[in-house]
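Below you'll find the structure, written out as structure tokens, and then a few comments.
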Amino acid sequence: MKRANRLSRSRDFDAVYRQGRSVSSRFLVLYWFGQEEPAAPRFGLSVPKAVGNAVARNKLKRQLREVWHARLDRVPAGRDYVLIVRPGVAEAATANGFDWLGERVDEVLAMTQAAA
RNA sequence: GUCGCAGGCCGGGUGACCGCGGGCCUUCGGGCUCGAGGAAAGUCCGGACACCGAAGGGCAGGACGCUCCCGCGAGGGAGGCGGCGAAAGCCGACGGACAGUGGCACAGAAAACAGACCGCCGCCAGCGCAUCUCCGGAGACGCUGACGGUAAGGGUGAAACGGUGGGGUAAGAGCUCACCAGCGGCCCUGGCGACAGGACCGGCUCGCCAAACCCCGUCCGGUGCAAGGCGAACAGGCUCCGCUGACGCAGCCCGCCGAGGAGCCGGGUAGCCGCACAGAUGGAUGGUCACCCUCGACAGAAUCCGGCUUACAGGCCUGCUACGGAA
RNA sequence: GGCGCAUUCGUCUAGUGGCCUAGGACACCGCCCUCUCACGGCGGCGGCACGGGUUCGAAUCCCGUAUGCGCCU
């Protein structure tokens, strides 16, 4: 994922949290907020320590980046996104596989369409 | 061969396509190359490095504590001693309790320096009484009480003031003797040493706790890369202290220095350096497929290095103990 | 990443190395009181985070592990 497609400042995260909207499922929470000068979508990830140890968190982040990368052209542009992982995802992901993770992301993305 | 013990090692592999981070090259299409661990972990010890005043002194505080060797040190290796084990082997913060202070619950007479509740013994007094009698008394024995001696025995306790036996005594006691245990001194032998073995002498016995305060010896200044250095753009502004000594080593005191310093707002911010032969600053190793095997544990670098500790599927190698078998 | 602190019934907490079989309050359960509930009374259940060590003896002292919290940006 290119640098232009990533959230890179703590301020940007704060802006999305404070001023953006959010949807959530059993496993994920997705915030989004419109950019000041609409451009390509930017993406940020937050995996709390409660999810697991460092190895489990790193693995989840890599897989979720892969998932997001595959959906870049389908995601509405002009927005910043922050995806938060909720506890329990690591165990479910190892049990159900990579495709299952993709379905969970599609789930919350569909909810943003409904909310908009 | 089985069980056990010690030490060391590996920690899925190969290939294809699509991706990620750094570096180099580039004809800007891309190409080449490197890219997590033995513990990267816990942050328990050191050190490097950086700042605090030049890295000063004392107190306070902290860490460590058998011997030798290596090491600045933390620590490691080899040994001694003590404990566990049948053995190989494992475990141990292991200086000092006659420098001082303090503690040892319950139980028990008594818990640390000696003392004496019961008991035992002597003597005196009173009372009772067998017996004797010169009828005045004497009185074995028993009871009670005062005084004195003694510490052998006493349902305790984690621990009881050496143990066993002989002598000795009114009763007893290291009071004395023999052996044993322990303590101190001196000497001999072995060892660099801790220490081990032995001989002699002495007083006869001196409890445990210092991971209780403490004493002795050795060592340690503090803070930590969010340390610290450079440092914008807009755009500078305000308050206070100070040669009668400020600010300054941060717990305290001393000594020392000597002109600037402290606080607030933008801002000591952004960014760069620190920062690496992996190496970022939202933080790099993933996805899919195929084949093979023993179907893969614990687990992910954030300044670096060394040590300690903890976690770990399965497998391999070497040495050793015990038992069994074969030659 | 670095530094510091804490952990005792379900919850909040007491606890000079021995009076500890760890005390109290709230909660929970049973009984009594009441026409019933509440209040009140009596009784019960239930805990020293875990593993070692020092000591005759550890919730307490020491070491390690686990968990939680705070500060530095």
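By order of appearance in the structure tokens: chains A, B, ..., then residues from 1 within every chain, and ligands from 1 in the order shown.
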**Residue neighbourhood stretch 53-69 of chain C, 12 Å, only C-alpha atoms (C1' of nucleotides), exclusion window fewer than 3 positions, as a PyMOL selection string** = (chain B and resi 42+44+91-93+104-106+157-159+208-212+308-311) or (chain C and resi 4-8+15-18+20+22+47-50)
**Message:** Applying 10 Å and only C-alpha atoms (C1' of nucleotides), which residues near B:G306 remain after dropping the ones on its own chain fewer than 6 positions away? List them as a ChimeraX atom specification.
**Reply:** /B:46-47,74-75
Go ahead and dump the residues you just picked, N, CA, C and O atoms (P, O5', C5', C4', C3', O3' and C1' of nucleotides), as a PDB file, in the first residue's frame.
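Just written: result_13.pdb:
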```
ATOM      1  P     G B  46      23.344  -2.302  38.858  1.00  0.00           P
ATOM      2  O5'   G B  46      24.781  -2.230  38.171  1.00  0.00           O
ATOM      3  C5'   G B  46      24.866  -2.136  36.816  1.00  0.00           C
ATOM      4  C4'   G B  46      26.041  -2.898  36.281  1.00  0.00           C
ATOM      5  C3'   G B  46      26.805  -2.131  35.202  1.00  0.00           C
ATOM      6  O3'   G B  46      27.837  -1.350  35.757  1.00  0.00           O
ATOM      7  C1'   G B  46      26.100  -4.191  34.327  1.00  0.00           C
ATOM      8  P     G B  47      27.841   0.254  35.474  1.00  0.00           P
ATOM      9  O5'   G B  47      28.454   0.339  34.014  1.00  0.00           O
ATOM     10  C5'   G B  47      29.715  -0.240  33.735  1.00  0.00           C
ATOM     11  C4'   G B  47      29.871  -0.544  32.273  1.00  0.00           C
ATOM     12  C3'   G B  47      29.733   0.634  31.313  1.00  0.00           C
ATOM     13  O3'   G B  47      30.880   1.456  31.291  1.00  0.00           O
ATOM     14  C1'   G B  47      28.549  -1.216  30.460  1.00  0.00           C
ATOM     15  P     A B  74      30.695  -7.459  40.734  1.00  0.00           P
ATOM     16  O5'   A B  74      29.462  -7.754  39.770  1.00  0.00           O
ATOM     17  C5'   A B  74      28.163  -7.249  40.087  1.00  0.00           C
ATOM     18  C4'   A B  74      27.246  -7.413  38.901  1.00  0.00           C
ATOM     19  C3'   A B  74      26.898  -8.852  38.545  1.00  0.00           C
ATOM     20  O3'   A B  74      25.828  -9.370  39.292  1.00  0.00           O
ATOM     21  C1'   A B  74      27.604  -7.701  36.609  1.00  0.00           C
ATOM     22  P     G B  75      25.930 -10.804  40.015  1.00  0.00           P
ATOM     23  O5'   G B  75      26.523 -11.747  38.893  1.00  0.00           O
ATOM     24  C5'   G B  75      25.682 -12.352  37.914  1.00  0.00           C
ATOM     25  C4'   G B  75      26.479 -12.724  36.690  1.00  0.00           C
ATOM     26  C3'   G B  75      27.147 -14.103  36.733  1.00  0.00           C
ATOM     27  O3'   G B  75      26.257 -15.151  36.390  1.00  0.00           O
ATOM     28  C1'   G B  75      28.714 -12.497  36.020  1.00  0.00           C
TER      29        G B  75
END
```
**Item:** Secondary structure check, helix (DSSP H, G or I) residues of chain A, as a ChimeraX atom specification
**Value:** /A:3-5,10-19,49-51,54-70,72-74,89-96,98-115
**Asked** Counting only C-alpha atoms (C1' of nucleotides), which residues from chain A have an atom at most 10 Å from any atom of chain B, and could you show them as an MDAnalysis selection string?
**Response** chainID A and resid 1:2 6:10 13 44:46 53:67 69 98
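Residues surrounding stretch 33-38 of chain A within 7 Å are A:Val16, A:Gln19, A:Gly20, A:Arg21, A:Gly78, A:Arg79, A:Asp80, A:Tyr81 [only C-alpha atoms (C1' of nucleotides); sequence separation below 2 positions excluded].
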With only C-alpha atoms (C1' of nucleotides) as the counted atoms, please give the residues lying no more than 10 Å from C:C45, apart from itself and same-chain residues fewer than 6 positions off, as a PDB file with C-alpha atoms (C1' of nucleotides), in the first residue's frame.
```pdb
ATOM      1  C1'   C C   9     -13.925 -13.129  50.559  1.00  0.00           C
ATOM      2  C1'   C C  28     -25.668 -13.741  48.791  1.00  0.00           C
ATOM      3  C1'   C C  29     -28.214 -18.053  51.431  1.00  0.00           C
TER       4        C C  29
END
```
DSSP on the backbone, strand (DSSP E or B) only: what residues of stretch 19-64 of chain A does that give? Format it as a short mmCIF file (atom, residue, chain, number, x, y, z; two decimals) with N, CA and C atoms, in the first residue's frame.
```
data_model
loop_
_atom_site.label_atom_id
_atom_site.label_comp_id
_atom_site.auth_asym_id
_atom_site.auth_seq_id
_atom_site.Cartn_x
_atom_site.Cartn_y
_atom_site.Cartn_z
N ARG A 21 -17.78 9.68 11.32
CA ARG A 21 -18.89 8.81 11.70
C ARG A 21 -18.35 7.40 11.82
N SER A 22 -19.15 6.53 12.40
CA SER A 22 -18.63 5.17 12.60
C SER A 22 -19.74 4.14 12.45
N VAL A 23 -19.32 2.95 12.04
CA VAL A 23 -20.20 1.77 12.07
C VAL A 23 -19.39 0.66 12.75
N SER A 24 -20.11 -0.33 13.27
CA SER A 24 -19.37 -1.39 13.94
C SER A 24 -20.10 -2.71 13.79
N LEU A 28 -15.35 -5.69 14.12
CA LEU A 28 -14.61 -4.52 13.64
C LEU A 28 -15.39 -3.25 13.91
N VAL A 29 -14.64 -2.13 14.01
CA VAL A 29 -15.24 -0.80 14.07
C VAL A 29 -14.58 0.01 12.97
N LEU A 30 -15.40 0.73 12.15
CA LEU A 30 -14.85 1.53 11.06
C LEU A 30 -15.31 2.98 11.19
N TYR A 31 -14.31 3.89 11.31
CA TYR A 31 -14.59 5.32 11.33
C TYR A 31 -14.28 5.87 9.95
N TRP A 32 -15.00 6.92 9.52
CA TRP A 32 -14.57 7.61 8.31
C TRP A 32 -14.94 9.08 8.41
N PHE A 33 -14.23 9.89 7.63
CA PHE A 33 -14.39 11.33 7.68
C PHE A 33 -13.94 11.92 6.35
N GLY A 34 -14.71 12.84 5.82
CA GLY A 34 -14.39 13.42 4.53
C GLY A 34 -13.13 14.28 4.58
N ARG A 42 -7.58 7.34 2.26
CA ARG A 42 -6.45 7.00 3.13
C ARG A 42 -6.97 6.09 4.25
N PHE A 43 -6.06 5.24 4.70
CA PHE A 43 -6.48 4.15 5.57
C PHE A 43 -5.57 4.08 6.80
N GLY A 44 -6.19 3.91 7.96
CA GLY A 44 -5.42 3.72 9.20
C GLY A 44 -5.93 2.52 9.95
N LEU A 45 -5.02 1.90 10.70
CA LEU A 45 -5.35 0.66 11.41
C LEU A 45 -5.08 0.84 12.89
N SER A 46 -5.94 0.30 13.73
CA SER A 46 -5.67 0.33 15.17
C SER A 46 -6.00 -1.03 15.74
#
```
**Atom pair atom C1' of B:A55 / atom C1' of B:A250: separation (Å)** =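 Going from atom C1' of B:A55 over to atom C1' of B:A250, I get 14.6 Å.
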**Asked** Separation of atom CA of A:Ala93 and atom C1' of B:A290, in Å?
**Response**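 Result for atom CA of A:Ala93 versus atom C1' of B:A290: 23.7 Å, one decimal.
Taking atom C1' of B:G236 and atom C1' of B:G267 as the two end points, the separation is 11.8 Å.
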